[in-house]
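Asker: Handing over input-v3.txt, compact mmCIF, C-alpha atoms.
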# COMPACT_ATOMS: atom_id res chain seq x y z
CA MET A 1 -27.71 -78.20 -97.15
CA LYS A 2 -25.56 -75.92 -95.01
CA LYS A 3 -24.47 -77.15 -91.60
CA ARG A 4 -25.77 -74.98 -88.76
CA VAL A 5 -23.34 -73.49 -86.25
CA ILE A 6 -24.45 -71.72 -83.08
CA LEU A 7 -21.74 -69.20 -82.25
CA GLY A 8 -21.10 -67.60 -78.89
CA LEU A 9 -20.99 -63.94 -79.96
CA SER A 10 -19.59 -62.05 -76.98
CA GLY A 11 -19.22 -58.54 -78.40
CA GLY A 12 -15.44 -58.90 -78.68
CA VAL A 13 -13.25 -58.97 -81.76
CA ASP A 14 -12.35 -62.67 -81.50
CA SER A 15 -15.90 -64.03 -81.64
CA SER A 16 -16.75 -61.41 -84.28
CA VAL A 17 -14.02 -62.73 -86.57
CA ALA A 18 -15.04 -66.29 -85.75
CA ALA A 19 -18.40 -65.40 -87.31
CA ILE A 20 -16.65 -64.13 -90.44
CA LYS A 21 -14.58 -67.31 -90.78
CA LEU A 22 -17.65 -69.53 -90.39
CA LEU A 23 -19.55 -67.58 -93.03
CA GLU A 24 -16.58 -67.73 -95.40
CA GLU A 25 -16.50 -71.51 -94.91
CA GLY A 26 -20.14 -71.82 -95.91
CA TYR A 27 -21.86 -72.50 -92.59
CA GLU A 28 -25.26 -71.22 -91.53
CA VAL A 29 -24.40 -69.08 -88.51
CA ILE A 30 -26.65 -68.04 -85.64
CA GLY A 31 -25.07 -65.81 -83.02
CA VAL A 32 -25.95 -66.11 -79.34
CA PHE A 33 -25.02 -63.59 -76.67
CA MET A 34 -24.75 -65.22 -73.25
CA ARG A 35 -25.61 -63.26 -70.13
CA ASN A 36 -24.04 -65.13 -67.22
CA TRP A 37 -23.99 -62.52 -64.48
CA ASP A 38 -26.57 -60.06 -63.15
CA SER A 39 -24.62 -57.20 -61.61
CA ALA A 40 -27.78 -55.40 -60.54
CA THR A 41 -28.90 -58.14 -58.15
CA ASN A 42 -25.66 -59.84 -57.11
CA ASN A 43 -24.29 -57.16 -54.76
CA ASP A 44 -21.10 -56.47 -56.73
CA PHE A 45 -22.16 -52.86 -57.25
CA LEU A 46 -23.31 -52.62 -53.63
CA GLY A 47 -23.05 -49.04 -52.41
CA ASN A 48 -22.53 -47.58 -55.89
CA PRO A 49 -25.35 -45.07 -56.47
CA ASP A 50 -24.13 -44.41 -60.02
CA TYR A 51 -24.73 -47.99 -61.18
CA ASP A 52 -26.80 -48.06 -64.36
CA SER A 53 -27.58 -51.47 -65.89
CA ASP A 54 -27.96 -49.88 -69.32
CA VAL A 55 -24.30 -48.83 -69.44
CA CYS A 56 -22.60 -51.67 -67.54
CA PRO A 57 -19.84 -53.49 -69.49
CA GLN A 58 -22.05 -56.51 -70.16
CA GLU A 59 -24.71 -54.37 -71.79
CA LYS A 60 -22.10 -52.56 -73.88
CA ASP A 61 -20.82 -55.93 -75.06
CA TYR A 62 -24.33 -56.92 -76.07
CA GLN A 63 -24.77 -53.75 -78.11
CA ASP A 64 -21.47 -54.46 -79.88
CA ALA A 65 -22.64 -58.00 -80.62
CA VAL A 66 -25.84 -56.55 -82.11
CA LYS A 67 -23.78 -54.29 -84.39
CA VAL A 68 -21.59 -57.18 -85.56
CA ALA A 69 -24.60 -59.41 -86.26
CA GLU A 70 -26.32 -56.68 -88.24
CA LYS A 71 -23.16 -55.96 -90.22
CA LEU A 72 -22.67 -59.63 -91.13
CA GLY A 73 -26.35 -60.32 -91.70
CA ILE A 74 -26.74 -63.07 -89.12
CA GLU A 75 -29.43 -63.66 -86.54
CA LEU A 76 -28.53 -62.85 -82.93
CA LYS A 77 -30.27 -64.37 -79.95
CA ARG A 78 -29.78 -63.52 -76.30
CA VAL A 79 -29.92 -66.12 -73.55
CA ASP A 80 -29.49 -65.99 -69.78
CA PHE A 81 -27.42 -68.59 -67.95
CA ILE A 82 -27.36 -66.59 -64.72
CA GLU A 83 -28.74 -69.36 -62.51
CA GLU A 84 -26.42 -71.99 -64.00
CA TYR A 85 -23.42 -69.70 -63.65
CA TRP A 86 -24.21 -68.97 -60.01
CA GLU A 87 -24.75 -72.64 -59.18
CA TYR A 88 -21.84 -74.24 -61.02
CA VAL A 89 -19.20 -71.51 -61.35
CA PHE A 90 -19.63 -68.82 -58.72
CA LYS A 91 -20.39 -71.14 -55.80
CA TYR A 92 -17.27 -73.12 -56.71
CA PHE A 93 -15.29 -69.87 -56.89
CA LEU A 94 -16.40 -68.83 -53.40
CA ALA A 95 -15.89 -72.26 -51.85
CA GLU A 96 -12.31 -72.45 -53.12
CA TYR A 97 -11.44 -68.99 -51.80
CA ALA A 98 -13.05 -69.81 -48.46
CA ALA A 99 -10.74 -72.86 -48.31
CA GLY A 100 -7.69 -70.64 -48.84
CA ARG A 101 -7.12 -71.79 -52.42
CA THR A 102 -6.85 -69.85 -55.68
CA PRO A 103 -9.49 -71.05 -58.18
CA ASN A 104 -9.71 -70.35 -61.89
CA PRO A 105 -13.40 -69.77 -62.70
CA ASP A 106 -12.74 -69.65 -66.45
CA LEU A 107 -12.20 -73.41 -66.50
CA MET A 108 -15.54 -74.04 -64.81
CA CYS A 109 -17.26 -71.48 -67.01
CA ASN A 110 -16.12 -73.36 -70.11
CA LYS A 111 -17.00 -76.76 -68.65
CA GLU A 112 -20.40 -75.90 -67.19
CA ILE A 113 -21.67 -72.92 -69.20
CA LYS A 114 -20.09 -72.37 -72.63
CA PHE A 115 -19.81 -76.04 -73.50
CA LYS A 116 -22.66 -77.50 -71.45
CA ALA A 117 -25.59 -75.12 -70.85
CA PHE A 118 -24.82 -73.39 -74.15
CA LEU A 119 -24.42 -76.72 -75.95
CA ASP A 120 -27.79 -77.90 -74.62
CA TYR A 121 -29.34 -74.65 -75.85
CA ALA A 122 -27.71 -75.06 -79.27
CA ASN A 123 -28.90 -78.65 -79.58
CA ASN A 124 -32.46 -77.38 -79.14
CA LEU A 125 -31.79 -75.18 -82.17
CA ASN A 126 -30.75 -78.27 -84.18
CA ALA A 127 -27.10 -77.23 -84.27
CA ASP A 128 -24.54 -79.36 -86.04
CA TYR A 129 -21.78 -77.56 -84.10
CA ILE A 130 -21.20 -74.82 -81.58
CA ALA A 131 -18.35 -72.35 -82.02
CA MET A 132 -16.42 -69.92 -79.83
CA GLY A 133 -13.76 -67.30 -80.45
CA HIS A 134 -11.07 -69.20 -78.54
CA TYR A 135 -7.46 -69.46 -79.67
CA ALA A 136 -7.40 -73.24 -79.94
CA ARG A 137 -7.73 -75.88 -82.63
CA ILE A 138 -9.65 -79.13 -82.99
CA ILE A 139 -9.08 -82.17 -85.16
CA HIS A 140 -12.26 -84.18 -85.66
CA ASP A 141 -11.23 -87.74 -86.47
CA PRO A 142 -14.23 -90.01 -87.21
CA ILE A 143 -12.33 -93.07 -85.96
CA LYS A 144 -10.07 -91.86 -83.13
CA GLY A 145 -12.31 -89.06 -81.87
CA SER A 146 -11.68 -85.33 -81.52
CA TYR A 147 -8.39 -83.84 -80.36
CA LEU A 148 -7.82 -80.42 -78.81
CA LEU A 149 -4.69 -78.67 -80.08
CA ARG A 150 -2.89 -75.50 -79.04
CA GLY A 151 -3.78 -72.33 -80.92
CA VAL A 152 -1.29 -71.17 -83.54
CA ASP A 153 -0.77 -67.91 -81.65
CA GLY A 154 1.32 -69.12 -78.74
CA ASN A 155 0.82 -65.86 -76.86
CA LYS A 156 -2.97 -66.23 -77.02
CA ASP A 157 -3.41 -70.02 -76.83
CA GLN A 158 -6.40 -70.76 -74.59
CA THR A 159 -6.29 -74.54 -74.33
CA TYR A 160 -5.35 -74.14 -70.65
CA PHE A 161 -8.92 -72.98 -70.01
CA LEU A 162 -10.44 -75.81 -72.07
CA ALA A 163 -8.67 -78.74 -70.42
CA LEU A 164 -11.69 -79.86 -68.39
CA LEU A 165 -13.92 -80.38 -71.43
CA SER A 166 -15.10 -83.87 -72.32
CA GLN A 167 -14.82 -85.71 -75.61
CA ASN A 168 -18.54 -85.15 -76.22
CA GLN A 169 -18.13 -81.41 -75.74
CA ILE A 170 -15.05 -81.15 -77.96
CA ASN A 171 -16.68 -83.31 -80.61
CA LYS A 172 -19.40 -80.70 -81.15
CA ALA A 173 -17.10 -77.66 -81.09
CA LEU A 174 -15.37 -75.47 -83.66
CA PHE A 175 -12.71 -72.82 -83.03
CA PRO A 176 -12.62 -70.82 -86.28
CA ILE A 177 -9.73 -68.48 -85.32
CA GLY A 178 -7.48 -71.13 -83.81
CA ASP A 179 -5.14 -71.08 -86.81
CA MET A 180 -4.82 -67.28 -86.76
CA VAL A 181 -2.65 -64.88 -84.77
CA LYS A 182 -4.16 -61.84 -83.08
CA LYS A 183 -2.84 -59.40 -85.68
CA GLU A 184 -4.60 -61.32 -88.43
CA VAL A 185 -7.82 -61.32 -86.42
CA ARG A 186 -7.69 -57.55 -86.04
CA GLU A 187 -6.90 -57.07 -89.73
CA LEU A 188 -9.86 -59.19 -90.84
CA ALA A 189 -12.18 -57.29 -88.51
CA VAL A 190 -10.97 -54.01 -90.04
CA LYS A 191 -11.47 -55.39 -93.55
CA TYR A 192 -15.10 -56.14 -92.72
CA ASP A 193 -15.47 -52.77 -90.95
CA LEU A 194 -16.70 -54.34 -87.72
CA ALA A 195 -17.49 -52.21 -84.67
CA THR A 196 -15.26 -54.48 -82.58
CA ALA A 197 -12.17 -54.21 -84.81
CA THR A 198 -10.21 -52.01 -82.41
CA LYS A 199 -12.05 -52.91 -79.22
CA LYS A 200 -9.76 -53.62 -76.28
CA ASP A 201 -9.57 -57.25 -75.16
CA SER A 202 -11.37 -58.05 -71.92
CA THR A 203 -9.15 -59.15 -69.05
CA GLY A 204 -9.62 -60.58 -65.58
CA ILE A 205 -12.57 -62.43 -64.13
CA CYS A 206 -15.77 -61.65 -66.00
CA PHE A 207 -17.99 -60.92 -63.00
CA ILE A 208 -15.42 -58.67 -61.33
CA GLY A 209 -14.52 -56.54 -64.33
CA GLU A 210 -12.77 -53.30 -63.48
CA ARG A 211 -13.63 -53.35 -59.78
CA ARG A 212 -11.06 -54.06 -57.09
CA PHE A 213 -10.90 -57.74 -56.21
CA HIS A 214 -10.80 -57.16 -52.43
CA GLN A 215 -13.88 -54.96 -52.54
CA PHE A 216 -15.81 -57.41 -54.69
CA LEU A 217 -15.00 -60.47 -52.60
CA GLN A 218 -16.01 -58.71 -49.36
CA ASN A 219 -19.59 -58.66 -50.66
CA TYR A 220 -19.69 -62.46 -50.43
CA LEU A 221 -17.06 -63.69 -47.95
CA PRO A 222 -16.25 -62.14 -44.56
CA ALA A 223 -12.64 -61.03 -44.30
CA LYS A 224 -10.64 -62.47 -41.41
CA PRO A 225 -7.46 -60.46 -40.79
CA GLY A 226 -4.45 -62.22 -39.29
CA LYS A 227 -0.68 -62.25 -39.01
CA MET A 228 1.98 -62.26 -41.70
CA VAL A 229 4.71 -64.57 -40.47
CA ARG A 230 8.09 -65.76 -41.72
CA LEU A 231 8.69 -69.50 -41.91
CA ASN A 232 10.84 -69.23 -38.77
CA GLY A 233 7.83 -67.89 -36.83
CA GLU A 234 8.81 -64.21 -36.82
CA VAL A 235 5.78 -61.90 -37.20
CA ILE A 236 6.32 -59.38 -39.99
CA GLY A 237 2.94 -57.68 -40.25
CA ASN A 238 -0.78 -58.21 -40.71
CA HIS A 239 -2.84 -59.55 -43.61
CA ASP A 240 -6.39 -58.62 -44.61
CA GLY A 241 -7.63 -62.20 -45.05
CA LEU A 242 -6.05 -65.31 -46.56
CA MET A 243 -8.51 -65.34 -49.46
CA TYR A 244 -6.94 -62.17 -50.87
CA TYR A 245 -3.50 -63.69 -51.42
CA THR A 246 -2.02 -66.30 -53.73
CA ILE A 247 1.28 -68.18 -53.73
CA GLY A 248 4.06 -66.12 -55.28
CA GLN A 249 2.18 -62.84 -54.88
CA ARG A 250 4.33 -59.73 -54.47
CA LYS A 251 2.08 -56.70 -54.86
CA GLY A 252 -0.32 -55.55 -52.18
CA LEU A 253 1.50 -56.98 -49.16
CA GLY A 254 2.31 -53.58 -47.63
CA ILE A 255 5.48 -54.76 -45.88
CA GLY A 256 8.28 -53.18 -47.89
CA GLY A 257 11.09 -51.25 -46.24
CA ILE A 258 11.14 -53.02 -42.87
CA ALA A 259 14.04 -51.94 -40.67
CA GLY A 260 16.75 -54.56 -40.36
CA TYR A 261 15.88 -56.27 -43.65
CA SER A 262 17.28 -55.91 -47.15
CA THR A 263 15.38 -54.10 -49.89
CA ASP A 264 14.53 -57.41 -51.61
CA PRO A 265 10.78 -57.73 -52.26
CA TRP A 266 8.56 -59.90 -50.09
CA PHE A 267 6.46 -62.73 -51.51
CA VAL A 268 3.66 -64.97 -50.28
CA VAL A 269 5.18 -68.43 -49.81
CA GLY A 270 2.43 -70.26 -47.92
CA LYS A 271 -0.79 -70.28 -45.90
CA ASP A 272 -2.02 -71.88 -42.68
CA LEU A 273 -5.79 -71.81 -42.92
CA GLU A 274 -6.38 -73.38 -39.50
CA ASN A 275 -4.36 -70.70 -37.69
CA ASN A 276 -5.11 -67.91 -40.19
CA ILE A 277 -1.42 -67.27 -40.93
CA LEU A 278 0.04 -65.92 -44.16
CA PHE A 279 3.67 -66.97 -44.65
CA VAL A 280 5.98 -64.50 -46.38
CA GLU A 281 9.66 -64.49 -47.29
CA GLN A 282 12.02 -62.27 -49.23
CA GLY A 283 13.39 -62.87 -52.72
CA ILE A 284 11.78 -63.81 -56.00
CA ASP A 285 13.81 -67.04 -56.01
CA ASN A 286 13.13 -67.99 -52.40
CA GLU A 287 13.54 -71.76 -52.26
CA TYR A 288 10.20 -72.29 -50.51
CA LEU A 289 8.42 -71.08 -53.65
CA TYR A 290 9.83 -74.01 -55.62
CA SER A 291 8.53 -77.58 -55.67
CA ASP A 292 9.33 -80.85 -57.40
CA PHE A 293 5.97 -82.63 -57.58
CA CYS A 294 2.28 -82.14 -56.97
CA ILE A 295 -0.88 -84.18 -56.55
CA VAL A 296 -3.69 -83.34 -58.95
CA LYS A 297 -7.36 -84.22 -58.41
CA ASP A 298 -10.58 -84.29 -60.48
CA LEU A 299 -8.82 -85.58 -63.58
CA ASN A 300 -10.27 -85.16 -67.06
CA TRP A 301 -8.83 -86.70 -70.24
CA ILE A 302 -10.23 -85.34 -73.49
CA ASN A 303 -9.24 -88.19 -75.78
CA GLU A 304 -6.44 -90.49 -74.64
CA ILE A 305 -5.23 -91.32 -71.13
CA PRO A 306 -1.53 -90.44 -70.63
CA VAL A 307 1.03 -93.23 -70.72
CA VAL A 308 2.61 -93.75 -67.30
CA GLY A 309 6.35 -93.03 -67.38
CA LYS A 310 6.24 -91.02 -70.62
CA GLU A 311 7.52 -87.44 -70.57
CA TYR A 312 4.84 -84.81 -71.13
CA GLN A 313 4.61 -81.04 -70.87
CA ALA A 314 2.54 -79.32 -68.19
CA LYS A 315 1.30 -75.83 -67.49
CA PHE A 316 0.36 -74.87 -63.93
CA ARG A 317 -0.73 -71.33 -64.87
CA TYR A 318 -2.03 -69.65 -68.02
CA ARG A 319 0.76 -68.46 -70.34
CA GLU A 320 3.36 -70.23 -68.27
CA LYS A 321 6.16 -71.89 -70.22
CA ASP A 322 5.97 -75.65 -70.67
CA ASN A 323 7.35 -77.75 -67.81
CA SER A 324 8.68 -81.24 -68.50
CA VAL A 325 6.90 -83.77 -66.25
CA ILE A 326 6.43 -87.49 -65.62
CA ILE A 327 2.94 -88.68 -64.66
CA THR A 328 1.78 -91.47 -62.39
CA LEU A 329 -1.96 -92.16 -62.23
CA LEU A 330 -3.26 -92.96 -58.75
CA GLU A 331 -6.51 -94.25 -57.30
CA ASP A 332 -9.49 -91.98 -56.58
CA ASN A 333 -9.00 -90.01 -59.80
CA LEU A 334 -5.69 -88.53 -58.61
CA MET A 335 -2.40 -88.00 -60.42
CA HIS A 336 1.19 -87.65 -59.22
CA VAL A 337 3.05 -85.13 -61.40
CA LYS A 338 6.85 -85.14 -61.04
CA PHE A 339 8.67 -82.08 -62.36
CA ASN A 340 11.93 -82.72 -64.20
CA ASN A 341 13.03 -79.27 -63.01
CA LEU A 342 11.92 -77.28 -59.98
CA VAL A 343 8.84 -75.15 -60.70
CA ARG A 344 7.97 -71.87 -59.00
CA ALA A 345 4.64 -71.05 -57.32
CA VAL A 346 2.61 -74.15 -58.18
CA THR A 347 -0.65 -73.25 -56.48
CA PRO A 348 -3.53 -75.40 -55.16
CA GLY A 349 -6.80 -74.54 -56.86
CA GLN A 350 -5.18 -73.76 -60.19
CA ALA A 351 -5.23 -76.23 -63.08
CA CYS A 352 -2.47 -78.61 -64.07
CA VAL A 353 -2.87 -79.04 -67.83
CA ILE A 354 -1.00 -81.81 -69.64
CA TYR A 355 0.26 -81.57 -73.23
CA ASP A 356 1.76 -84.07 -75.63
CA GLY A 357 3.40 -81.65 -78.05
CA GLU A 358 0.58 -79.72 -79.71
CA ILE A 359 -2.16 -81.89 -78.23
CA CYS A 360 -3.88 -80.79 -75.02
CA MET A 361 -4.66 -84.07 -73.29
CA GLY A 362 -6.59 -82.63 -70.34
CA GLY A 363 -5.63 -82.32 -66.70
CA GLY A 364 -7.12 -81.53 -63.33
CA ILE A 365 -6.97 -79.28 -60.27
CA ILE A 366 -3.77 -78.95 -58.22
CA ASN A 367 -4.50 -80.29 -54.74
CA GLU A 368 -1.18 -80.59 -52.88
CA VAL A 369 2.37 -79.41 -53.58
CA PHE A 370 5.62 -80.99 -52.36
CA ARG A 371 9.39 -80.66 -52.33
CA ASN A 372 11.67 -83.48 -51.27
CA GLY A 373 8.66 -85.28 -49.89
CA GLU A 374 7.61 -82.37 -47.66
CA LYS A 375 4.17 -80.92 -48.22
CA ARG A 376 4.20 -77.18 -48.78
CA LYS A 377 2.10 -74.92 -46.53
CA TYR A 378 -0.16 -73.98 -49.41
So, in terms of structure tokens, how does the structure I just supplied come out?
Answerer:
Amino acid sequence: MKKRVILGLSGGVDSSVAAIKLLEEGYEVIGVFMRNWDSATNNDFLGNPDYDSDVCPQEKDYQDAVKVAEKLGIELKRVDFIEEYWEYVFKYFLAEYAAGRTPNPDLMCNKEIKFKAFLDYANNLNADYIAMGHYARIIHDPIKGSYLLRGVDGNKDQTYFLALLSQNQINKALFPIGDMVKKEVRELAVKYDLATATKKDSTGICFIGERRFHQFLQNYLPAKPGKMVRLNGEVIGNHDGLMYYTIGQRKGLGIGGIAGYSTDPWFVVGKDLENNILFVEQGIDNEYLYSDFCIVKDLNWINEIPVVGKEYQAKFRYREKDNSVIITLLEDNLMHVKFNNLVRAVTPGQACVIYDGEICMGGGIINEVFRNGEKRKY
């Protein structure tokens, strides 16, 4: 009897090819299109008289998923997780920005929606596994448990966004394209003549899409303009609201070409939420952007807990190169992460993901950043 896999079919090429791979491997495949955001009722198209729910990107994705399912001869269901997404992802997103931090909603979407609400839904369909079109790999060991591994395509590896998943979630998951590179994925989609074969990859935060971030966020959080200040206290200009800026940001500051200063670009180097100050300095290699350790909270270990004193690799942003680190586990589910080399723009709210070679061990959320024992103004 074939094992049943419930596949998240998003209307993109990656999940489309994941369906092909599962079918080739002999699974019974049921596709499910998840609707996680209702643009018509959530104010993000506020003031746009041309908004039409029938042609919004989410609806176009659904129609592409329908075409893929019909082409491959699999059943496609559609399910709404709008309430769950609002409660567990979007509220977290807003709270972090209100606190002056820079969250990554994709991590929470995977943890709470794609591998929790979706998994619960799949279990009600008697699924043996769920599957997604992520560039990651899993080893299911009946004795040691399941391990999450980097995708073969290093440029597309998505384990950074999966680091908050539990052993139970990983144990029920398959990533059919994890051992493929993007070119191979496209080629297989062309071979099967899928409607998504040449479709452009989606980028950015799903509920913002192609709209401007500032404009979107203003629908939910009041902007509080303030001063842009150098670390020595000199006022350089004005900012639109601390929530719009992240550590290391260069574009959108509007302070280039100031008389008496060099032509070097300006960067965000810190924030003072209490006094509503955005700290800026010149130079991509400004020393204040670099740190030597951080404190990470809300830890999650997928399989094994790291060995204290052992050297691991860490990523503090998606697609960032590996950073060599030494870990010390603290009380209250905290972790001290010492960098063997200075690291630029480590940002509170982002994830610190720990690797042991190819294995993604898990990680947590960056809470505080330090250099030489001094806490950064992030």
Asker: Could you please determine the separation between atom CA of Leu253 of chain A and atom CA of Val280 of chain A in Å, to one decimal place?
Answerer: 9.2 Å
Asker: Between atom CA of Leu273 of chain A and atom CA of Val346 of chain A, what is the spacing in Å?
Answerer: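 One can read the atom CA of Val346 of chain A to atom CA of Leu273 of chain A distance as 17.6 Å.
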Asker: Between A:Asp332, A:Glu368, A:Glu274, A:Glu358, which is the closest to Ile138 of chain A once you count all atoms listed in the file?
Answerer: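 Using all atoms listed in the file, the shortest distance to Ile138 of chain A belongs to A:Glu358.
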Asker: Find the residue from A:Tyr318, A:Phe213, A:Tyr288, A:Tyr192 that sits nearest to Tyr160 of chain A; use all atoms listed in the file when measuring.
Answerer: A:Tyr318
Asker: Skip segment 139-152 of chain A itself and residues of its chain fewer than 2 positions away, then list as a ChimeraX atom specification all residues within 7 Å of it, counting only C-alpha atoms.
Answerer: /A:135-137,154,157,159,167,170-171,178-181,303,358-360
Asker: Here is a test: counting all atoms listed in the file, which residue of A:Thr198, A:Thr328, A:Asn36, A:Ser166 is nearest to Cys109 of chain A?
Answerer: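 When distances to Cys109 of chain A are compared using all atoms listed in the file, the smallest one comes from A:Asn36.
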Asker: Between A:Phe33, A:Phe175, A:Phe216, A:Phe339, single out the one closest to Arg371 of chain A, counting only C-alpha atoms.
Answerer: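 Result for the nearest residue to Arg371 of chain A: A:Phe339.
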Asker: Determine, counting all atoms listed in the file, every residue of protein, DNA or RNA that lies within 10 Å of (-6.6, -63.8, -46.1) in the file coordinates, then give the result as a ChimeraX atom specification.
Answerer: /A:97-98,100,222-228,238-246,271-273,276-278
Asker: Could you jot down the atom CA of Gly270 of chain A to atom CA of His214 of chain A separation for me, Å, one decimal place?
Answerer: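 So the answer is 19.2 Å.
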Asker: Hey, which of A:Ala19, A:Glu75, A:Ile247, A:Leu94 ends up closest to Asn219 of chain A? Count only C-alpha atoms.
Answerer: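 Looking at the shortest contact to Asn219 of chain A, the residue is A:Leu94.
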Asker: Tell me which protein, DNA and RNA residues are within 8 Å of Ile354 of chain A, counting all atoms listed in the file, leaving out same-chain ones fewer than 2 positions away, and put them as a ChimeraX atom specification.
Answerer: /A:312-315,352,356,360-363
Asker: Could you check which of A:Ile6, A:Leu334, A:Ile255, A:Val268 is closest to Asp120 of chain A, using all atoms listed in the file?
Answerer: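 Among the listed residues, A:Ile6 lies closest to Asp120 of chain A.
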Asker: Name all residues at most 12 Å from Asp298 of chain A (count only C-alpha atoms; drop same-chain ones fewer than 2 positions away) and give them as an NGL selection string.
Answerer: :A and (163-164 or 295-296 or 300-301 or 329-335 or 349-353 or 362-367)
Asker: Using all atoms listed in the file, which protein or nucleic acid residues come within 7 Å of Val13 of chain A? Drop anything in the same chain fewer than 3 positions from it, and give the result as an mmCIF file with C-alpha atoms, in the frame of the given file.
Answerer:
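Output below, filename part_39.cif:
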data_model
loop_
_atom_site.group_PDB
_atom_site.id
_atom_site.type_symbol
_atom_site.label_atom_id
_atom_site.label_comp_id
_atom_site.auth_asym_id
_atom_site.auth_seq_id
_atom_site.Cartn_x
_atom_site.Cartn_y
_atom_site.Cartn_z
ATOM 1 C CA SER A 16 -16.750 -61.410 -84.280
ATOM 2 C CA VAL A 17 -14.020 -62.730 -86.570
ATOM 3 C CA THR A 196 -15.260 -54.480 -82.580
ATOM 4 C CA ALA A 197 -12.170 -54.210 -84.810
ATOM 5 C CA LYS A 199 -12.050 -52.910 -79.220
#
Asker: Give the padded box for segment 1-18 of chain A as JSON: axis-aligned, covering all atoms listed in the file, 6 Å on each side, centre and edge lengths in Å to one decimal.
Answerer:
{"center_x": -20.0, "center_y": -68.4, "center_z": -87.1, "size_x": 27.4, "size_y": 31.7, "size_z": 32.2}
